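A.B. asks: run_31.cif is reproduced below (mmCIF, C-alpha atoms).
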data_input
loop_
_atom_site.label_atom_id
_atom_site.label_comp_id
_atom_site.auth_asym_id
_atom_site.auth_seq_id
_atom_site.Cartn_x
_atom_site.Cartn_y
_atom_site.Cartn_z
CA MET A 1458 23.14 -19.75 -22.65
CA THR A 1459 20.19 -19.97 -20.25
CA ASP A 1460 17.35 -17.43 -20.22
CA ASN A 1461 18.66 -16.00 -16.95
CA GLU A 1462 22.15 -15.58 -18.35
CA LYS A 1463 20.69 -13.84 -21.41
CA GLN A 1464 18.84 -11.48 -19.10
CA LEU A 1465 22.07 -10.67 -17.26
CA LYS A 1466 23.85 -9.99 -20.56
CA LEU A 1467 20.99 -7.73 -21.65
CA SER A 1468 21.11 -5.82 -18.37
CA LEU A 1469 24.81 -5.21 -18.77
CA SER A 1470 24.67 -4.18 -22.41
CA GLU A 1471 21.70 -1.84 -22.16
CA GLU A 1472 21.89 1.40 -20.23
CA SER A 1473 18.17 1.65 -19.60
CA GLY A 1474 18.60 2.16 -15.88
CA ILE A 1475 21.43 4.66 -16.22
CA TYR A 1476 19.58 7.28 -18.23
CA PRO A 1477 16.13 7.39 -16.62
CA ASN A 1478 13.00 9.44 -17.11
CA GLU A 1479 13.53 13.08 -16.16
CA GLN A 1480 10.09 13.26 -14.57
CA THR A 1481 10.70 10.43 -12.11
CA LEU A 1482 11.80 11.26 -8.58
CA HIS A 1483 15.20 9.64 -8.01
CA GLY A 1484 15.75 9.56 -4.29
CA VAL A 1485 17.33 8.07 -1.22
CA ASN A 1486 16.13 7.49 2.32
CA LEU A 1487 18.03 9.28 5.05
CA GLY A 1488 17.56 6.39 7.45
CA ASN A 1489 19.08 6.02 10.92
CA TRP A 1490 19.18 9.79 11.36
CA LEU A 1491 15.90 10.91 12.93
CA LEU A 1492 14.97 7.35 13.93
CA LEU A 1493 17.76 4.91 14.75
CA GLU A 1494 18.02 1.35 13.46
CA LYS A 1495 20.67 -0.70 15.24
CA TRP A 1496 21.79 -2.72 12.21
CA MET A 1497 22.72 0.47 10.35
CA SER A 1498 25.23 1.76 12.91
CA PRO A 1499 25.75 -0.95 15.55
CA GLY A 1500 28.71 0.87 17.10
CA LEU A 1501 26.31 3.15 18.98
CA TYR A 1502 25.13 0.23 21.09
CA SER A 1503 27.12 -1.38 23.90
CA SER A 1504 24.79 -4.21 24.95
CA PRO A 1505 22.52 -6.82 23.31
CA ASP A 1506 19.73 -5.44 25.49
CA GLN A 1507 19.95 -2.18 23.57
CA LYS A 1508 17.88 -3.17 20.55
CA ASP A 1509 16.41 0.07 19.26
CA GLU A 1510 16.32 3.81 19.87
CA TYR A 1511 14.02 3.47 22.87
CA THR A 1512 16.14 0.93 24.77
CA LEU A 1513 19.36 2.72 23.78
CA CYS A 1514 18.16 6.03 25.21
CA GLU A 1515 16.78 4.21 28.24
CA ALA A 1516 20.18 2.62 28.91
CA LEU A 1517 22.07 5.88 28.34
CA GLY A 1518 19.97 7.79 30.85
CA ASP A 1519 21.41 11.28 31.44
CA LYS A 1520 23.96 10.70 28.67
CA ALA A 1521 21.29 10.17 26.02
CA GLN A 1522 20.94 13.86 25.20
CA GLY A 1523 24.61 14.33 24.37
CA ILE A 1524 25.10 11.05 22.52
CA MET A 1525 21.98 11.42 20.41
CA ARG A 1526 22.91 15.02 19.61
CA ALA A 1527 26.39 13.96 18.49
CA HIS A 1528 24.97 11.21 16.27
CA ARG A 1529 22.36 13.39 14.60
CA GLU A 1530 24.85 16.18 13.93
CA SER A 1531 27.38 13.84 12.31
CA TRP A 1532 25.40 11.03 10.63
CA ILE A 1533 24.13 13.31 7.85
CA THR A 1534 25.69 16.71 7.13
CA GLU A 1535 25.42 19.37 4.45
CA GLU A 1536 28.29 17.67 2.61
CA ASP A 1537 26.09 14.63 2.12
CA PHE A 1538 23.39 16.76 0.51
CA LYS A 1539 26.01 18.28 -1.78
CA TRP A 1540 27.23 14.83 -2.79
CA LEU A 1541 23.69 13.60 -3.48
CA ALA A 1542 22.81 16.65 -5.56
CA ASN A 1543 26.01 16.23 -7.58
CA TRP A 1544 25.16 12.59 -8.32
CA GLY A 1545 21.73 13.59 -9.59
CA ILE A 1546 19.47 12.75 -6.66
CA ASN A 1547 16.44 15.02 -6.87
CA ALA A 1548 14.39 13.68 -3.96
CA VAL A 1549 14.75 12.62 -0.34
CA ARG A 1550 12.55 10.46 1.85
CA LEU A 1551 13.06 11.51 5.46
CA PRO A 1552 12.10 8.86 8.05
CA PHE A 1553 11.45 10.28 11.52
CA GLY A 1554 9.87 9.31 14.82
CA TYR A 1555 7.10 11.30 16.47
CA TRP A 1556 9.42 12.08 19.42
CA ILE A 1557 11.60 14.31 17.25
CA LEU A 1558 8.98 16.98 17.93
CA ASP A 1559 7.36 15.76 21.15
CA ALA A 1560 9.66 13.45 23.12
CA ASP A 1561 8.38 11.27 25.93
CA GLY A 1562 9.90 8.44 27.94
CA PRO A 1563 13.64 8.13 27.28
CA TYR A 1564 13.47 9.62 23.77
CA VAL A 1565 15.39 12.77 22.88
CA GLU A 1566 13.74 15.61 20.98
CA SER A 1567 15.67 16.84 17.92
CA ILE A 1568 13.30 19.02 15.93
CA ASP A 1569 16.07 21.51 15.08
CA ILE A 1570 17.91 18.74 13.19
CA MET A 1571 14.76 18.02 11.20
CA ASP A 1572 14.39 21.73 10.48
CA GLN A 1573 17.94 21.70 9.12
CA ALA A 1574 17.18 18.70 6.89
CA VAL A 1575 14.21 20.52 5.40
CA ASP A 1576 16.29 23.65 4.80
CA TRP A 1577 19.03 21.64 3.06
CA CYS A 1578 16.44 20.13 0.73
CA GLU A 1579 15.30 23.65 -0.10
CA GLN A 1580 18.88 24.80 -0.62
CA TYR A 1581 19.88 21.93 -2.92
CA GLY A 1582 16.69 21.76 -4.93
CA MET A 1583 15.51 18.34 -3.71
CA LYS A 1584 11.90 17.32 -3.29
CA LEU A 1585 11.16 16.06 0.21
CA LEU A 1586 8.86 13.24 1.27
CA LEU A 1587 8.15 13.45 5.00
CA ASP A 1588 7.92 9.89 6.34
CA LEU A 1589 6.43 9.37 9.81
CA HIS A 1590 8.32 6.16 10.53
CA GLY A 1591 7.39 5.74 14.19
CA LEU A 1592 3.92 6.52 15.60
CA PRO A 1593 2.98 6.89 19.27
CA GLY A 1594 2.43 3.35 20.55
CA CYS A 1595 4.15 1.88 17.45
CA GLN A 1596 2.30 0.72 14.31
CA GLY A 1597 3.93 -2.71 14.53
CA PRO A 1598 6.36 -4.72 16.66
CA GLU A 1599 9.43 -4.10 14.48
CA HIS A 1600 12.48 -2.22 15.74
CA HIS A 1601 12.16 0.42 13.02
CA THR A 1602 9.17 1.93 14.80
CA GLY A 1603 11.63 3.07 17.46
CA ARG A 1604 10.63 0.48 20.05
CA GLY A 1605 10.66 -3.16 19.00
CA GLY A 1606 8.10 -5.52 20.53
CA HIS A 1607 5.74 -2.69 21.46
CA PHE A 1608 2.58 -2.64 19.34
CA ALA A 1609 -0.22 -0.55 20.86
CA TRP A 1610 -1.33 1.47 17.82
CA PRO A 1611 -4.10 1.81 16.69
CA LYS A 1612 -5.92 -0.03 19.51
CA ASP A 1613 -4.80 2.53 22.08
CA ALA A 1614 -7.16 5.45 21.49
CA ASN A 1615 -4.75 7.94 23.05
CA CYS A 1616 -1.96 6.86 20.70
CA TYR A 1617 -4.30 7.10 17.73
CA ALA A 1618 -5.48 10.60 18.66
CA ARG A 1619 -1.96 11.77 19.46
CA SER A 1620 -0.78 10.54 16.06
CA LEU A 1621 -3.35 12.74 14.31
CA ASP A 1622 -2.40 15.75 16.44
CA LEU A 1623 1.31 15.31 15.73
CA ILE A 1624 0.76 14.86 12.01
CA GLU A 1625 -1.05 18.18 11.96
CA GLN A 1626 1.74 19.82 13.98
CA PHE A 1627 4.36 18.66 11.49
CA ALA A 1628 2.21 19.82 8.57
CA GLN A 1629 1.72 23.21 10.17
CA ARG A 1630 5.41 23.57 10.96
CA TYR A 1631 6.53 22.96 7.38
CA LYS A 1632 3.56 24.34 5.45
CA ASP A 1633 5.62 27.10 3.81
CA LYS A 1634 8.48 24.88 2.63
CA SER A 1635 8.31 24.56 -1.14
CA CYS A 1636 10.55 21.48 -1.23
CA ILE A 1637 7.96 19.27 0.47
CA ASN A 1638 5.95 17.37 -2.12
CA GLY A 1639 4.62 14.50 0.01
CA PHE A 1640 3.66 13.44 3.52
CA SER A 1641 3.65 9.72 4.35
CA VAL A 1642 1.55 9.49 7.50
CA VAL A 1643 2.66 6.01 8.59
CA ASN A 1644 5.46 3.66 7.53
CA GLU A 1645 4.86 -0.09 7.16
CA PRO A 1646 1.74 -0.49 9.33
CA HIS A 1647 1.50 -4.08 10.49
CA GLU A 1648 -0.50 -6.32 8.18
CA SER A 1649 -2.71 -7.45 11.07
CA ILE A 1650 -4.27 -3.97 11.30
CA ASP A 1651 -7.78 -4.09 9.89
CA SER A 1652 -7.93 -2.35 6.51
CA LYS A 1653 -11.07 -0.42 7.46
CA VAL A 1654 -9.31 1.01 10.51
CA LEU A 1655 -6.23 1.93 8.49
CA ILE A 1656 -8.21 3.54 5.67
CA LYS A 1657 -10.13 5.58 8.25
CA PHE A 1658 -6.80 6.73 9.69
CA TYR A 1659 -5.60 7.69 6.22
CA GLU A 1660 -8.70 9.78 5.68
CA GLU A 1661 -8.47 11.50 9.06
CA SER A 1662 -4.73 12.13 8.90
CA ILE A 1663 -4.87 13.46 5.34
CA GLU A 1664 -7.60 15.86 6.47
CA ARG A 1665 -5.19 17.15 9.13
CA VAL A 1666 -2.40 17.55 6.58
CA ARG A 1667 -4.68 19.33 4.12
CA LYS A 1668 -5.45 22.05 6.67
CA HIS A 1669 -1.93 23.34 6.08
CA MET A 1670 -0.60 21.64 2.96
CA PRO A 1671 -2.99 21.85 -0.02
CA ALA A 1672 -3.42 19.01 -2.50
CA GLU A 1673 -1.96 21.00 -5.37
CA LYS A 1674 1.38 21.22 -3.52
CA VAL A 1675 1.73 18.12 -1.35
CA ALA A 1676 0.75 14.53 -2.07
CA ALA A 1677 -0.80 12.40 0.64
CA VAL A 1678 1.24 9.18 0.66
CA ILE A 1679 -0.35 6.01 2.02
CA ALA A 1680 1.40 2.71 2.69
CA ALA A 1681 0.66 -0.57 0.94
CA TYR A 1682 2.62 -2.98 3.10
CA PRO A 1683 3.53 -5.72 2.61
CA GLU A 1684 3.60 -5.72 -1.18
CA ASN A 1685 0.71 -8.19 -1.52
CA LEU A 1686 -1.60 -5.59 0.07
CA MET A 1687 -1.08 -3.20 -2.84
CA PRO A 1688 -4.50 -4.10 -4.35
CA THR A 1689 -6.16 -3.24 -1.02
CA TYR A 1690 -4.70 0.23 -0.58
CA HIS A 1691 -3.83 1.45 -4.09
CA GLY A 1692 -6.76 3.71 -4.88
CA CYS A 1693 -8.53 3.07 -1.55
CA VAL A 1694 -9.38 6.77 -1.05
CA PRO A 1695 -10.55 7.85 -4.53
CA HIS A 1696 -12.41 10.88 -3.13
CA ILE A 1697 -9.13 12.47 -1.96
CA GLN A 1698 -7.03 14.43 -4.45
CA ASN A 1699 -3.30 13.90 -5.03
CA VAL A 1700 -2.79 10.58 -3.26
CA MET A 1701 0.21 8.35 -3.87
CA THR A 1702 0.65 4.79 -2.70
CA ASP A 1703 3.98 3.78 -1.17
CA VAL A 1704 5.18 0.23 -1.84
CA HIS A 1705 8.48 -1.31 -0.69
CA LEU A 1706 10.13 -3.72 -3.12
CA TYR A 1707 12.96 -5.78 -1.67
CA GLN A 1708 14.22 -8.60 -3.84
CA SER A 1709 15.97 -10.17 -0.84
CA PHE A 1710 12.69 -10.82 0.97
CA CYS A 1711 11.01 -12.89 -1.73
CA GLY A 1712 11.29 -16.06 0.35
CA TRP A 1713 13.02 -18.04 -2.37
CA GLU A 1714 15.50 -20.70 -1.33
CA ASN A 1715 18.44 -22.14 -3.22
CA ARG A 1716 18.06 -19.71 -6.12
CA ASP A 1717 20.90 -18.31 -8.17
CA PRO A 1718 21.44 -14.55 -8.69
CA PHE A 1719 20.18 -14.74 -12.28
CA THR A 1720 16.74 -15.65 -10.92
CA TYR A 1721 16.64 -12.51 -8.82
CA ILE A 1722 17.77 -10.30 -11.68
CA TYR A 1723 15.23 -11.87 -14.01
CA ALA A 1724 12.49 -11.33 -11.42
CA ALA A 1725 13.54 -7.70 -11.08
CA SER A 1726 13.29 -7.23 -14.85
CA ARG A 1727 9.77 -8.66 -14.84
CA ARG A 1728 8.65 -6.22 -12.15
CA GLY A 1729 8.24 -3.56 -14.80
CA GLU A 1730 5.13 -5.31 -16.13
CA GLN A 1731 3.42 -5.25 -12.73
CA LEU A 1732 4.50 -1.69 -12.04
CA GLY A 1733 3.08 -0.61 -15.38
CA LYS A 1734 -0.31 -2.00 -14.36
CA TRP A 1735 -0.14 -0.19 -11.03
CA ALA A 1736 0.74 3.05 -12.83
CA GLN A 1737 -2.47 2.76 -14.86
CA GLN A 1738 -4.45 2.54 -11.61
CA GLY A 1739 -2.94 5.59 -9.93
CA SER A 1740 0.20 7.30 -8.70
CA PHE A 1741 2.69 5.39 -6.56
CA VAL A 1742 6.27 5.55 -5.34
CA ILE A 1743 8.73 2.85 -4.39
CA GLY A 1744 9.55 4.13 -0.94
CA GLU A 1745 12.24 1.55 -0.23
CA TRP A 1746 14.43 -0.85 -2.22
CA SER A 1747 18.04 -2.03 -2.08
CA LEU A 1748 20.72 -4.19 -3.69
CA SER A 1749 20.54 -6.80 -0.94
CA TRP A 1750 20.47 -10.56 -1.50
CA PRO A 1751 19.22 -13.31 0.81
CA LYS A 1752 22.00 -14.19 3.26
CA GLU A 1753 22.71 -17.64 1.80
CA LEU A 1754 23.13 -16.22 -1.71
CA HIS A 1755 25.12 -13.27 -0.42
CA ASP A 1756 27.59 -15.63 1.25
CA VAL A 1757 28.08 -17.49 -2.03
CA LEU A 1758 28.53 -14.33 -4.09
CA GLU A 1759 31.16 -13.07 -1.66
CA THR A 1760 33.41 -15.91 -2.85
CA TRP A 1761 33.26 -14.76 -6.49
CA PRO A 1762 36.17 -12.89 -8.11
CA THR A 1763 35.75 -9.15 -7.56
CA SER A 1764 35.35 -8.28 -11.25
CA MET A 1765 32.61 -10.89 -11.75
CA TYR A 1766 30.86 -9.89 -8.54
CA ASP A 1767 30.88 -6.19 -9.45
CA GLN A 1768 29.51 -7.03 -12.90
CA MET A 1769 26.65 -8.92 -11.27
CA MET A 1770 25.92 -6.01 -8.94
CA ARG A 1771 25.83 -3.53 -11.83
CA ALA A 1772 23.30 -5.75 -13.59
CA TYR A 1773 21.25 -6.04 -10.41
CA ALA A 1774 21.19 -2.27 -9.97
CA SER A 1775 20.48 -1.31 -13.60
CA THR A 1776 17.69 -3.88 -13.92
CA GLN A 1777 15.86 -2.53 -10.90
CA LEU A 1778 16.41 1.08 -11.97
CA ALA A 1779 14.90 0.36 -15.37
CA ALA A 1780 11.83 -1.34 -13.90
CA PHE A 1781 11.26 1.37 -11.31
CA GLU A 1782 10.92 4.10 -13.94
CA GLN A 1783 7.29 2.94 -14.17
CA ALA A 1784 6.72 4.55 -10.77
CA ASP A 1785 6.40 8.26 -9.99
CA GLY A 1786 9.54 7.95 -7.89
CA TRP A 1787 11.94 5.64 -6.10
CA TYR A 1788 13.94 5.99 -2.89
CA PHE A 1789 16.88 3.69 -2.19
CA TRP A 1790 17.24 2.36 1.37
CA SER A 1791 19.39 3.92 2.54
CA TYR A 1792 21.91 6.64 1.79
CA LYS A 1793 24.34 5.44 4.45
CA VAL A 1794 24.76 2.11 6.27
CA ILE A 1795 27.88 1.00 8.12
CA ASP A 1796 29.64 -2.01 6.52
CA ARG A 1797 26.64 -3.00 4.36
CA PRO A 1798 27.27 -1.72 0.84
CA HIS A 1799 24.22 -3.54 -0.58
CA TRP A 1800 22.08 -1.28 1.59
CA SER A 1801 24.26 1.83 1.37
CA PHE A 1802 23.72 4.02 -1.69
CA ARG A 1803 26.93 5.97 -1.14
CA ASP A 1804 29.01 2.79 -0.91
CA ALA A 1805 27.27 1.22 -3.92
CA VAL A 1806 28.07 4.26 -6.07
CA GLU A 1807 31.68 4.34 -4.90
CA ARG A 1808 32.06 0.62 -5.71
CA GLY A 1809 30.83 1.23 -9.24
CA TRP A 1810 27.53 -0.63 -8.91
CA PHE A 1811 25.68 2.55 -9.85
CA PRO A 1812 26.94 4.99 -12.46
CA PRO A 1813 29.23 7.73 -11.09
CA LYS A 1814 26.52 10.27 -11.88
CA ILE A 1815 22.96 9.98 -13.06
CA ASP A 1816 21.90 11.73 -16.28
CA GLY A 1817 18.45 12.73 -17.40
#
Now, as a test, write the supplied structure out as structure tokens.
C.D. replies:
Amino acid sequence: MTDNEKQLKLSLSEESGIYPNEQTLHGVNLGNWLLLEKWMSPGLYSSPDQKDEYTLCEALGDKAQGIMRAHRESWITEEDFKWLANWGINAVRLPFGYWILDADGPYVESIDIMDQAVDWCEQYGMKLLLDLHGLPGCQGPEHHTGRGGHFAWPKDANCYARSLDLIEQFAQRYKDKSCINGFSVVNEPHESIDSKVLIKFYEESIERVRKHMPAEKVAAVIAAYPENLMPTYHGCVPHIQNVMTDVHLYQSFCGWENRDPFTYIYAASRRGEQLGKWAQQGSFVIGEWSLSWPKELHDVLETWPTSMYDQMMRAYASTQLAAFEQADGWYFWSYKVIDRPHWSFRDAVERGWFPPKIDG
């Protein structure tokens, strides 16, 4: 038996990821709700030119209001919060675009839906991490900023200033909500942004948040993205109280080629050592992770017998869960994705890749 096969056997025999630390936040992202991502629900889009929320709303014109309203009211409902609470989820990361509160261009404002999300977290006893996923001008050229290919922030001074104003408006709006335990002021800022500029933005935005949400109640969450920038940003604002670093750990984006699944599971098991070192340096959360594989490996695994494949997926899930207990919290990406069970927490649970209910 190879070392990788031994690791798989160990992952299957131990239940270390099934009965986790009670103090850790066990969460999901509610993606594609308050900021659309085409790959998560492609049926909303009728043309290749519609690549993101901006171009979709632009193409819909006068129909955008009704279609976006219908999506937001149906994508996530109270029943989903009930299901999550029953499984044992105690935390939610809520990605949203700035336009939810202050829409411009073709975007559609939906602040009442965000208000409802916050209230459901209160009702079902879940901690809530507010995640500003799309800034004015876009913090990178990726589609998940709301407008792919548009990258004006932070060079555009108006976008920068507007971002700070909106962050304060959100903080003021939700300052009395006890469920909110963190505010992530920017998601996945592009790695080309100068670290001095980004750290200055963290300091200024946290100051705006702190006007309404004190440090003893709400953590300021700053992004270390991509993962290799963790040493740059973890602990970069030591003079600010209650700061957490957000790191995204996707096994499928390691850049390995022609590797077998045992390699990925073994690598996931070794993550615990690195995460333990990070934990000694300060608080951090794993804001995003999944059960995805690189496409080439995924295509191979799809040919496996179902029982063997499901066994592999359970090992993949439990190994990551065990390693991630080193963090202050983890948030699976995402709760719901159409026809992509490796990215869909609900589907993964229903397929038996996660336990039917978390304990601890």
A.B. asks: Find the residue from A:Met1525, A:Val1700, A:Cys1595, A:Val1654 that sits nearest to Ser1740 (chain A); use only C-alpha atoms when measuring.
C.D. replies: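 Smallest separation from Ser1740 (chain A) among the options: A:Val1700.
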A.B. asks: Determine the axis-aligned bounding box of all atoms of region 1614-1625 of chain A present in the file, pad each side by 4 Å, and express its centre and edge lengths in Å to one decimal place as JSON.
C.D. replies:
{"center_x": -2.9, "center_y": 11.8, "center_z": 17.5, "size_x": 16.5, "size_y": 20.7, "size_z": 19.1}
A.B. asks: Could you state the separation of CA of Asp1703 (chain A) and CA of Gln1573 (chain A) in Å, given to one decimal place?
C.D. replies: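 Atom-to-atom, CA of Asp1703 (chain A) and CA of Gln1573 (chain A) are spaced 24.9 Å apart.
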A.B. asks: Would you please work out which residue, of A:Phe1640, A:Phe1719, A:Trp1810, A:Trp1490, is nearest to Gln1768 (chain A) when using all atoms listed in the file?
C.D. replies: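 The shortest atom-to-atom distance to Gln1768 (chain A) comes from A:Trp1810.
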A.B. asks: Can you measure CA of Ile1697 (chain A) to CA of Ala1548 (chain A) for me? One decimal in Å is fine.
C.D. replies: 23.6 Å
A.B. asks: So which one's closest to Leu1492 (chain A), A:Phe1627, A:Trp1544, A:Trp1556, A:Phe1538? Using all atoms listed in the file, please.
C.D. replies: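 Selected residue with least distance to Leu1492 (chain A): A:Trp1556.
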A.B. asks: Check the smallest atom-to-atom distance from each of A:Leu1686, A:Ile1663, A:Glu1648, A:Val1549 to Trp1577 (chain A) using only C-alpha atoms, then report the winner.
C.D. replies: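 Of the candidates, the smallest distance to Trp1577 (chain A) is held by A:Val1549.
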A.B. asks: Give the answer as one residue: which of A:Cys1578, A:Leu1585, A:Ile1533, A:Cys1514 has the shortest atom-to-atom distance to Val1565 (chain A), using all atoms listed in the file?
C.D. replies: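 Between A:Cys1578, A:Leu1585, A:Ile1533, A:Cys1514, the residue approaching Val1565 (chain A) most closely is A:Cys1514.
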A.B. asks: Name the residues within 8 Å of (11.9, 1.4, 3.0), counting only C-alpha atoms in the file's coordinates, and put them as JSON, numbers by chain.
C.D. replies: {"A": [1486, 1705, 1744, 1745, 1746, 1788, 1789, 1790, 1791]}
A.B. asks: Identify which of the residues A:Val1742, A:Leu1501, A:Val1666, A:Met1687 lies closest to Trp1787 (chain A), counting only C-alpha atoms when measuring atom-to-atom distances.
C.D. replies: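 Of all the options, A:Val1742 lies closest to Trp1787 (chain A).
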A.B. asks: Find the spatial neighbours of Ala1725 (chain A), counting only C-alpha atoms, within a cut-off of 8 Å - ignore same-chain residues fewer than 2 positions away - and output them as number ranges by chain.
C.D. replies: A: 1708, 1721-1723, 1727-1729, 1773, 1776-1777, 1780
A.B. asks: On this file, the PyMOL selection byres ((chain A and resi 1677) around 12) gives some set of residues; write that set as an mmCIF file with C-alpha atoms, in the coordinates of the input.
C.D. replies:
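To be explicit, this is the file written out as expr-v7.cif:
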data_model
loop_
_atom_site.group_PDB
_atom_site.id
_atom_site.type_symbol
_atom_site.label_atom_id
_atom_site.label_comp_id
_atom_site.auth_asym_id
_atom_site.auth_seq_id
_atom_site.Cartn_x
_atom_site.Cartn_y
_atom_site.Cartn_z
ATOM 1 C CA LEU A 1586 8.860 13.240 1.270
ATOM 2 C CA LEU A 1587 8.150 13.450 5.000
ATOM 3 C CA ASP A 1588 7.920 9.890 6.340
ATOM 4 C CA ILE A 1624 0.760 14.860 12.010
ATOM 5 C CA ALA A 1628 2.210 19.820 8.570
ATOM 6 C CA ILE A 1637 7.960 19.270 0.470
ATOM 7 C CA ASN A 1638 5.950 17.370 -2.120
ATOM 8 C CA GLY A 1639 4.620 14.500 0.010
ATOM 9 C CA PHE A 1640 3.660 13.440 3.520
ATOM 10 C CA SER A 1641 3.650 9.720 4.350
ATOM 11 C CA VAL A 1642 1.550 9.490 7.500
ATOM 12 C CA VAL A 1643 2.660 6.010 8.590
ATOM 13 C CA TYR A 1659 -5.600 7.690 6.220
ATOM 14 C CA GLU A 1660 -8.700 9.780 5.680
ATOM 15 C CA GLU A 1661 -8.470 11.500 9.060
ATOM 16 C CA SER A 1662 -4.730 12.130 8.900
ATOM 17 C CA ILE A 1663 -4.870 13.460 5.340
ATOM 18 C CA GLU A 1664 -7.600 15.860 6.470
ATOM 19 C CA ARG A 1665 -5.190 17.150 9.130
ATOM 20 C CA VAL A 1666 -2.400 17.550 6.580
ATOM 21 C CA ARG A 1667 -4.680 19.330 4.120
ATOM 22 C CA MET A 1670 -0.600 21.640 2.960
ATOM 23 C CA PRO A 1671 -2.990 21.850 -0.020
ATOM 24 C CA ALA A 1672 -3.420 19.010 -2.500
ATOM 25 C CA GLU A 1673 -1.960 21.000 -5.370
ATOM 26 C CA LYS A 1674 1.380 21.220 -3.520
ATOM 27 C CA VAL A 1675 1.730 18.120 -1.350
ATOM 28 C CA ALA A 1676 0.750 14.530 -2.070
ATOM 29 C CA VAL A 1678 1.240 9.180 0.660
ATOM 30 C CA ILE A 1679 -0.350 6.010 2.020
ATOM 31 C CA ALA A 1680 1.400 2.710 2.690
ATOM 32 C CA GLY A 1692 -6.760 3.710 -4.880
ATOM 33 C CA VAL A 1694 -9.380 6.770 -1.050
ATOM 34 C CA PRO A 1695 -10.550 7.850 -4.530
ATOM 35 C CA ILE A 1697 -9.130 12.470 -1.960
ATOM 36 C CA GLN A 1698 -7.030 14.430 -4.450
ATOM 37 C CA ASN A 1699 -3.300 13.900 -5.030
ATOM 38 C CA VAL A 1700 -2.790 10.580 -3.260
ATOM 39 C CA MET A 1701 0.210 8.350 -3.870
ATOM 40 C CA THR A 1702 0.650 4.790 -2.700
ATOM 41 C CA ASP A 1703 3.980 3.780 -1.170
ATOM 42 C CA SER A 1740 0.200 7.300 -8.700
ATOM 43 C CA PHE A 1741 2.690 5.390 -6.560
ATOM 44 C CA VAL A 1742 6.270 5.550 -5.340
#
A.B. asks: Run the PyMOL selection byres ((chain A and resi 1798) around 12) against the file shown and list the residues it catches, as a PyMOL selection string.
C.D. replies: chain A and resi 1497+1747-1750+1755+1767+1770+1790-1797+1799-1811
A.B. asks: List the residues selected by the PyMOL selection byres ((chain A and resi 1604) around 9) in the file shown, writing them as a PyMOL selection string.
C.D. replies: chain A and resi 1508-1512+1591+1594-1595+1598-1603+1605-1608
A.B. asks: For Phe1553 (chain A), please output as a PyMOL selection string all residues within 6 Å (counting only C-alpha atoms; exclusion window: fewer than 5 positions along the same chain).
C.D. replies: chain A and resi 1491-1492+1589-1590
A.B. asks: Mind checking which residues fall within 9 Å of Arg1529 (chain A), counting all atoms listed in the file, ignoring those fewer than 5 positions away in the same chain, and posting them as a list of chain:residue names?
C.D. replies: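 Here the qualifying residues turn out to be A:Asn1489, A:Trp1490, A:Leu1491, A:Ile1524, A:Thr1534, A:Ser1567, A:Ile1570.
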A.B. asks: Excluding Asp1756 (chain A) and residues on its chain fewer than 4 positions from it, collect all residues at most 12 Å away from it, counting all atoms listed in the file, and give them as a list in words.
C.D. replies: Asp1717, Pro1718, Ser1749, Trp1750, Pro1751, Lys1752, Thr1760, Trp1761 and Tyr1766 of chain A
A.B. asks: Using Å and a single decimal, report how far CA of Ala1774 (chain A) sits from CA of Gly1484 (chain A).
C.D. replies: 14.2 Å
A.B. asks: Find the spatial neighbours of His1647 (chain A), counting all atoms listed in the file, within a cut-off of 6 Å - ignore same-chain residues fewer than 2 positions away - and output them as a list in words.
C.D. replies: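 In the requested form, the answer reads Gly1597, Ser1649 and Ile1650 of chain A.
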A.B. asks: Only C-alpha atoms, please: the residues just picked out, written as an mmCIF file, in the coordinates of the input.
C.D. replies:
data_model
loop_
_atom_site.group_PDB
_atom_site.id
_atom_site.type_symbol
_atom_site.label_atom_id
_atom_site.label_comp_id
_atom_site.auth_asym_id
_atom_site.auth_seq_id
_atom_site.Cartn_x
_atom_site.Cartn_y
_atom_site.Cartn_z
ATOM 1 C CA GLY A 1597 3.930 -2.710 14.530
ATOM 2 C CA SER A 1649 -2.710 -7.450 11.070
ATOM 3 C CA ILE A 1650 -4.270 -3.970 11.300
#
